[in-house]
Number of protein chains: 2
Amino acid sequence: MKGNAIIGQSGGPTTVINSSLCGIVQAAKACADIEGVYGMRFGVEGFLGERIIDLGREAEETIEALRRTPSSALGSCRYKLRDDDLPRVLEILKKHEIRYVFLIGGNDTMDTIARVEAYCRGKGYELRGIGVPKTVDNDLFGTDHTPGYPSAARYVALSVQQAGRLAADMRMVDQFVIHQTVGRDAGWLAAATALARKHEGDAPHLIYVPERALDREQFVSDALDCIETYGFASIVCGEGIVWSDGTPVSASTERDRFANVEFGAMGGTSAAIVLHGILSNAGAKPTGSRLRGEFQITESLPMCAIDRASSLDLEEAYECGRRAVELAEQGTTGVMVSIQRSRRSPYHSTLGTIPLAQVAARTKPMPDEYIAANGHDVSPDFLDYLGPLVGELPSYSVLANIPIGGAQ
Amino acid sequence: MKGNAIIGQSGGPTTVINSSLCGIVQAAKACADIEGVYGMRFGVEGFLGERIIDLGREAEETIEALRRTPSSALGSCRYKLRDDDLPRVLEILKKHEIRYVFLIGGNDTMDTIARVEAYCRGKGYELRGIGVPKTVDNDLFGTDHTPGYPSAARYVALSVQQAGRLAADMRMVDQFVIHQTVGRDAGWLAAATALARKHEGDAPHLIYVPERALDREQFVSDALDCIETYGFASIVCGEGIVWSDGTPVSASTERDRFANVEFGAMGGTSAAIVLHGILSNAGAKPTGSRLRGEFQITESLPMCAIDRASSLDLEEAYECGRRAVELAEQGTTGVMVSIQRSRRSPYHSTLGTIPLAQVAARTKPMPDEYIAANGHDVSPDFLDYLGPLVGELPSYSVLANIPIGGAQ
């Protein structure tokens with residue numbers, strides 16, 4: 001089917017979402033059926049205002065350089081498409097003879113494509129709509145993992161590894177450090193920091209994920225135990241963690257456009273700050289003296305740190321983009337490209353598909369077998385799953401600390 | 001003079017302080033007069049408890065690997081040496097026949113060496129004490145810049161550059177981002193983020209340093225202007241910025257061991273959070289609708305991110321360590337190694353010395369000529385100063401954004 005193609009990016013950026021964009025543009029330009037290759041500025045919100053650019057006229061070097069450019073080069077939005085927007089969408093598609101729609105995003109985005117494609121079909125306008133997965137949260141259903149997650153995981157694991165060295169070296173000054181990661185309902189990113197450990201006692205010591213409720217007394221007791229055992233406590237929490245009674249640890253009451261409470265650095269009362277306050281007022285063992293520590297809230301930095309991207313992630317994101325065009329060319333519509341792990345060790349994957357409606361309706365919290373029984377750590381199984389996606393973390397010098405005057 | 005040498009690290013770590021440690025250890029092991037090469041665990045605080053390790057017995061690979069290891073491998077402290085500690089210091093020095101003391105630190109550390117060296121001299125115990133500079137704050141007097149600063153500068157500039165891309169792409173969602181850097185009294189690190197700019201309109205748009213008071217009305221007005229002009233505002237503030245009436249923007253009342261108010265992520269009321277609250281309640285132009293944005297507080301992460309170190313910084317830190325040993329071998333005492341810029345372009349430097357007492361008594365805020373007249377930016381002179389220390393930042397793809405339907 002001859003026609004033009006349009007590409008859009010939605011939701012929070014990732015480090016590798018522009019790699020997917022590059023893959024789609026390059027494959028679409030090489031596709032005989034696809035004539036113009038267009039881009040939506042600022043997702044469907046921009047599209048409704050006809051903010052459409054001609055990606056086919058960008059220099060080839062500019063498109064190729066997207067593979068080392070973080071964030072969403074087309075601009076993003078968080079607009080929830082309304083049913084009464086659909087006639088306008090169809091009008092613009094028709095006006096510009098667009099027969100191929102590629103959106104890179106999460107489950108809200110997959111819902112958008114599914115609704116647009118169904119509406120157009122009902123109106124007799126043939127359209128091929130394919131989704132390309134992206135989210136640092138890794139909570140998309142039907143794919144082994146989501147492009148963007150391995151790179152964000154690498155960022156948070158590196159940060160916790162490096163800050164863990166710092167905390168160990170500064171234990172005479174500060175006794176704890178609390179890191180907060182994004183991830184409203186799923187603990188994938190918080191859990192990823194477990195990769196930081198190389199030696200017994202290494203950070204992180206306690207990892208709290210939204211999938212497990214947190215008991216306040218247990219939290220203080222666990223942190224004090226770490227300080228007693230290791231000299232300091234390195235603590236990681238997902239932004240959406242909840243207390244045993246179901247209330248969020250974050251005291252935020254801000255709501256985003258989808259009426260979800262914002263747990264990140266928007267409200268000034270993030271979970272990490274609340275936990276910091278609790279520990280600061282707890283007494284250290286055995287002295288009872290007040291504890292000291294710091295919190296780290298990097299919020300969206302792991303979504304755009306291209307210098308820390310996982311090389312596997314960059315490559316897979318690109319291939320997912322190319323695959324979306326191949327599928328559309330073959331006549332496929334209404335699916336999202338998925339990554340299927342075909343071998344666990346050494347890691348090998350192939351690309352598959354999953355119907356958009358299935359992705360849109362579900363999320364993927366961490367499975368029970370990836371969370372340790374104590375509720376504040378991950379399982380070895382999870383490390384097997386994550387390790388190949390992130391790649392090796394650096395090793396640092398560890399002094400033997402031989403006291404003077406010992407036997408030679 | 002034959003004797004043993006001891007090395008200590010003090011204060012907040014940096015990414016390259018272990019490079020200086022490596023330089024000292026390797027030079028000391030090669031020095032004919034120096035017998036044992038010892039290390040203080042956790043600085044003078046550990047030294048007073050005789051927590052002394054034998055660095056001469058560490059494997060050569062372990063010592064060499066310090067050049068790519070962040071934080072303070074010996075452990076650090078923030079202990080302020082009291083006069084009544086001095087007899088105990090002398091007792092331990094005598095007991096272990098230590099004649100060479102090398103401390104890597106900031107001005108409090110230089111004060112410590114100066115006092116120990118003077119006390120020993122008064123008691124007829126010959127001691128050579130040399131300081132090696134380090135601080136991410138760059139506020140040490142008598143040196144062109146301080147090892148540790150270029151690497152931390154690179155980290156914050158990269159973060160603001162990458163988050164600037166993200167903010168530009170997400171402008172339909174969030175209108176501003178506020179980054180906070182460490183630096184109690186000096187704006188060197190906040191100012192360094194200016195290196196992130198490659199194109200007109202790039203982040204950061206507003207840089208606030210402690211050297212210039214901030215007017216609340218002006219701040220809101222400047223931020224709104226940026227949002228109107230660029231679609232979003234990227235704002236950077238030093239943790240210690242003050243309002244026009246002299247009160248700190250941070251509402252923190254926590255104090256550290258030196259009775260300084262803590263402005264960082266310790267109090268939960270950091271400057272960035274206060275500024276975030278002010279902007280969140282301001283009305284956007286011209287609609288008057290509420291503004292949205294996020295804050296980023298990375299706190300100590302720029303002090304330990306070895307993967308983002310400046311290669312010049314790593315090299316200079318190492319050479320400062322080696323030079324300290326050469327100076328002591330030649331009989332010098334009571335000085336800190338300093339970096340003297342001998343040519344501005346292309347950058348060239350030599351190592352000099354400055355008396356410890358001068359470093360201990362003073363700090364180095366940003367000079368007026370490095371701050372723009374408007375009070376919220378840096379001067380071209382400052383960029384000339386900083387550029388060669390940090391090295392080139394990456395360039396990213398910039399789409400031409402050609403609207404469809406235009407002339408071919």
# chains A, B, ... in the order shown; residues from 1 in each chain; ligands from 1

call {"tool": "select_by_dssp", "arguments": {"residues": "segment 28-91 of chain A", "states": "helix (DSSP H, G or I)", "output": "list in words"}}
result
Ala28, Lys29, Gly43, Val44, Glu45, Gly46, Phe47, Leu48, Leu55, Gly56, Arg57, Glu60, Glu61, Thr62, Ile63, Glu64, Ala65, Leu66, Arg67, Arg68, Asp83, Asp84, Asp85, Leu86, Pro87, Arg88, Val89, Leu90 and Glu91 of chain A

call {"tool": "write_last_selection", "arguments": {"atoms": "C-alpha atoms", "output": "mmCIF file, in the first residue's frame"}}
result
data_model
loop_
_atom_site.group_PDB
_atom_site.id
_atom_site.type_symbol
_atom_site.label_atom_id
_atom_site.label_comp_id
_atom_site.auth_asym_id
_atom_site.auth_seq_id
_atom_site.Cartn_x
_atom_site.Cartn_y
_atom_site.Cartn_z
ATOM 1 C CA ALA A 28 11.050 3.754 6.054
ATOM 2 C CA LYS A 29 13.223 5.713 3.623
ATOM 3 C CA GLY A 43 3.433 13.458 19.899
ATOM 4 C CA VAL A 44 -0.305 13.253 19.275
ATOM 5 C CA GLU A 45 -0.798 16.613 20.997
ATOM 6 C CA GLY A 46 1.335 18.260 18.306
ATOM 7 C CA PHE A 47 -0.207 16.079 15.596
ATOM 8 C CA LEU A 48 -3.697 17.387 16.443
ATOM 9 C CA LEU A 55 12.018 13.715 8.379
ATOM 10 C CA GLY A 56 12.826 12.636 4.823
ATOM 11 C CA ARG A 57 14.416 16.012 4.260
ATOM 12 C CA GLU A 60 21.438 11.600 6.646
ATOM 13 C CA GLU A 61 24.093 12.493 9.229
ATOM 14 C CA THR A 62 21.442 14.139 11.400
ATOM 15 C CA ILE A 63 19.353 10.968 11.340
ATOM 16 C CA GLU A 64 22.376 8.734 11.978
ATOM 17 C CA ALA A 65 23.464 10.957 14.915
ATOM 18 C CA LEU A 66 20.135 10.193 16.612
ATOM 19 C CA ARG A 67 21.734 6.915 17.680
ATOM 20 C CA ARG A 68 23.948 8.835 20.105
ATOM 21 C CA ASP A 83 -12.720 9.799 21.559
ATOM 22 C CA ASP A 84 -13.835 13.110 20.134
ATOM 23 C CA ASP A 85 -10.280 13.711 18.859
ATOM 24 C CA LEU A 86 -10.549 10.714 16.523
ATOM 25 C CA PRO A 87 -12.408 12.430 13.628
ATOM 26 C CA ARG A 88 -9.728 15.143 13.636
ATOM 27 C CA VAL A 89 -6.976 12.493 13.627
ATOM 28 C CA LEU A 90 -8.537 10.791 10.609
ATOM 29 C CA GLU A 91 -8.956 14.151 8.853
#

call {"tool": "interface_residues", "arguments": {"of": "chain B", "to": "chain A", "cutoff": "6 Å", "atoms": "only C-alpha atoms", "output": "PyMOL selection string"}}
result
chain B and resi 52-54+62+65-66+69+71-72+75-77+162+166+169-170+172-173+265-266+294-298+304+396-397+401-404

call {"tool": "write_last_selection", "arguments": {"atoms": "C-alpha atoms", "output": "PDB file, in the first residue's frame"}}
result
ATOM      1  CA  ILE B  52      47.383   3.047  60.369  1.00  0.00           C
ATOM      2  CA  ILE B  53      47.820   0.728  57.401  1.00  0.00           C
ATOM      3  CA  ASP B  54      50.906  -0.313  55.467  1.00  0.00           C
ATOM      4  CA  THR B  62      46.004  -2.293  43.663  1.00  0.00           C
ATOM      5  CA  ALA B  65      44.106   0.817  40.031  1.00  0.00           C
ATOM      6  CA  LEU B  66      43.577   3.772  42.392  1.00  0.00           C
ATOM      7  CA  THR B  69      38.863   4.404  41.516  1.00  0.00           C
ATOM      8  CA  SER B  71      36.103   8.447  46.344  1.00  0.00           C
ATOM      9  CA  SER B  72      38.700   8.278  49.165  1.00  0.00           C
ATOM     10  CA  GLY B  75      38.563   6.656  54.167  1.00  0.00           C
ATOM     11  CA  SER B  76      37.875  10.227  55.114  1.00  0.00           C
ATOM     12  CA  CYS B  77      36.720  12.291  58.085  1.00  0.00           C
ATOM     13  CA  GLN B 162      21.392  15.987  28.852  1.00  0.00           C
ATOM     14  CA  LEU B 166      14.982  16.286  27.929  1.00  0.00           C
ATOM     15  CA  ASP B 169      11.636  17.723  24.327  1.00  0.00           C
ATOM     16  CA  MET B 170       9.191  17.517  27.249  1.00  0.00           C
ATOM     17  CA  MET B 172       4.541  20.204  26.589  1.00  0.00           C
ATOM     18  CA  VAL B 173       4.617  18.412  29.961  1.00  0.00           C
ATOM     19  CA  ALA B 265      20.380  17.209  50.659  1.00  0.00           C
ATOM     20  CA  MET B 266      20.637  16.846  54.422  1.00  0.00           C
ATOM     21  CA  GLU B 294      11.124  19.099  38.521  1.00  0.00           C
ATOM     22  CA  PHE B 295      14.245  19.472  40.602  1.00  0.00           C
ATOM     23  CA  GLN B 296      17.471  17.454  40.516  1.00  0.00           C
ATOM     24  CA  ILE B 297      19.676  17.120  43.564  1.00  0.00           C
ATOM     25  CA  THR B 298      22.640  14.895  42.804  1.00  0.00           C
ATOM     26  CA  CYS B 304      32.574   9.952  42.729  1.00  0.00           C
ATOM     27  CA  TYR B 396      23.975  15.634  19.758  1.00  0.00           C
ATOM     28  CA  SER B 397      21.757  15.491  16.698  1.00  0.00           C
ATOM     29  CA  ASN B 401      12.308  20.456  11.879  1.00  0.00           C
ATOM     30  CA  ILE B 402      11.280  21.269   8.311  1.00  0.00           C
ATOM     31  CA  PRO B 403       7.460  21.534   8.125  1.00  0.00           C
ATOM     32  CA  ILE B 404       5.829  19.238   5.530  1.00  0.00           C
TER      33      ILE B 404
END

call {"tool": "residues_around", "arguments": {"residues": "segment 350-352 of chain B", "least_positions_apart": "3", "cutoff": "9 Å", "atoms": "only C-alpha atoms", "output": "CSV table (one decimal) with N, CA and C atoms, in the first residue's frame"}}
result
chain,number,residue,atom,x,y,z
B,143,THR,N,45.9,28.5,43.9
B,143,THR,CA,46.1,27.5,42.8
B,143,THR,C,45.1,27.9,41.7
B,319,GLU,N,50.0,14.0,39.2
B,319,GLU,CA,51.2,14.7,39.2
B,319,GLU,C,51.4,15.5,40.5
B,320,CYS,N,50.3,16.1,41.0
B,320,CYS,CA,50.4,16.8,42.3
B,320,CYS,C,50.8,15.9,43.4
B,323,ARG,N,54.6,15.3,42.9
B,323,ARG,CA,55.3,16.5,43.2
B,323,ARG,C,55.5,16.7,44.8
B,336,MET,N,51.7,23.8,50.2
B,336,MET,CA,50.7,23.0,49.4
B,336,MET,C,51.2,23.0,48.0
B,337,VAL,N,51.1,21.9,47.3
B,337,VAL,CA,51.4,21.9,45.8
B,337,VAL,C,50.3,22.7,45.2
B,338,SER,N,50.7,23.6,44.2
B,338,SER,CA,49.6,24.4,43.5
B,338,SER,C,49.8,24.2,42.0
B,339,ILE,N,48.7,24.5,41.3
B,339,ILE,CA,48.8,24.4,39.8
B,339,ILE,C,48.8,25.8,39.3
B,340,GLN,N,49.8,26.1,38.5
B,340,GLN,CA,50.0,27.4,37.9
B,340,GLN,C,49.7,27.3,36.4
B,341,ARG,N,48.8,28.1,35.9
B,341,ARG,CA,48.5,28.1,34.5
B,341,ARG,C,49.5,28.9,33.8
B,342,SER,N,50.4,28.3,33.0
B,342,SER,CA,51.5,29.1,32.4
B,342,SER,C,51.1,29.6,31.0

call {"tool": "residues_around", "arguments": {"residues": "Ala271 of chain A", "least_positions_apart": "6", "cutoff": "6 Å", "atoms": "only C-alpha atoms", "output": "list in words"}}
result
Glu239, Val249 and Ser250 of chain A

call {"tool": "residues_around", "arguments": {"residues": "Ser345 of chain A", "least_positions_apart": "5", "cutoff": "12 Å", "atoms": "only C-alpha atoms", "output": "number ranges by chain"}}
result
A: 384-389

call {"tool": "write_last_selection", "arguments": {"atoms": "N, CA and C atoms", "output": "PDB file, in the first residue's frame"}}
result
ATOM      1  N   ASP A 384      20.477 -12.733  37.069  1.00  0.00           N
ATOM      2  CA  ASP A 384      20.713 -13.465  35.811  1.00  0.00           C
ATOM      3  C   ASP A 384      19.955 -12.813  34.662  1.00  0.00           C
ATOM      4  N   TYR A 385      18.731 -12.389  34.972  1.00  0.00           N
ATOM      5  CA  TYR A 385      17.884 -11.740  33.960  1.00  0.00           C
ATOM      6  C   TYR A 385      18.497 -10.405  33.522  1.00  0.00           C
ATOM      7  N   LEU A 386      18.918  -9.619  34.488  1.00  0.00           N
ATOM      8  CA  LEU A 386      19.320  -8.238  34.205  1.00  0.00           C
ATOM      9  C   LEU A 386      20.754  -8.087  33.705  1.00  0.00           C
ATOM     10  N   GLY A 387      21.657  -8.920  34.250  1.00  0.00           N
ATOM     11  CA  GLY A 387      23.079  -8.758  33.965  1.00  0.00           C
ATOM     12  C   GLY A 387      23.425  -8.536  32.497  1.00  0.00           C
ATOM     13  N   PRO A 388      23.003  -9.436  31.597  1.00  0.00           N
ATOM     14  CA  PRO A 388      23.394  -9.276  30.192  1.00  0.00           C
ATOM     15  C   PRO A 388      22.816  -8.022  29.539  1.00  0.00           C
ATOM     16  N   LEU A 389      21.711  -7.508  30.059  1.00  0.00           N
ATOM     17  CA  LEU A 389      21.104  -6.318  29.453  1.00  0.00           C
ATOM     18  C   LEU A 389      21.929  -5.070  29.754  1.00  0.00           C
TER      19      LEU A 389
END

call {"tool": "atom_distance", "arguments": {"atom1": "atom CA of Cys22 of chain A", "atom2": "atom CA of Met1 of chain A"}}
result
22.4 Å

call {"tool": "closest_residue", "arguments": {"among": "B:Thr112, B:Ser20, B:Thr333, B:Gln175", "to": "Thr146 of chain B", "atoms": "only C-alpha atoms"}}
result
B:Ser20

call {"tool": "residues_around", "arguments": {"residues": "segment 30-35 of chain B", "least_positions_apart": "2", "cutoff": "10 Å", "atoms": "only C-alpha atoms", "output": "list in words"}}
result
Met1, Lys2, Gly3, Asn4, Ala5, Ile6, Ile24, Val25, Gln26, Ala27, Ala28, Val37, Tyr38, Gly56, Glu97, Ile98, Arg99, Tyr100, Val325, Glu326, Ala328 and Glu329 of chain B

call {"tool": "select_by_dssp", "arguments": {"residues": "segment 54-220 of chain B", "states": "strand (DSSP E)", "output": "ChimeraX atom specification"}}
result
/B:54,98-105,128-133,176-181,206-208
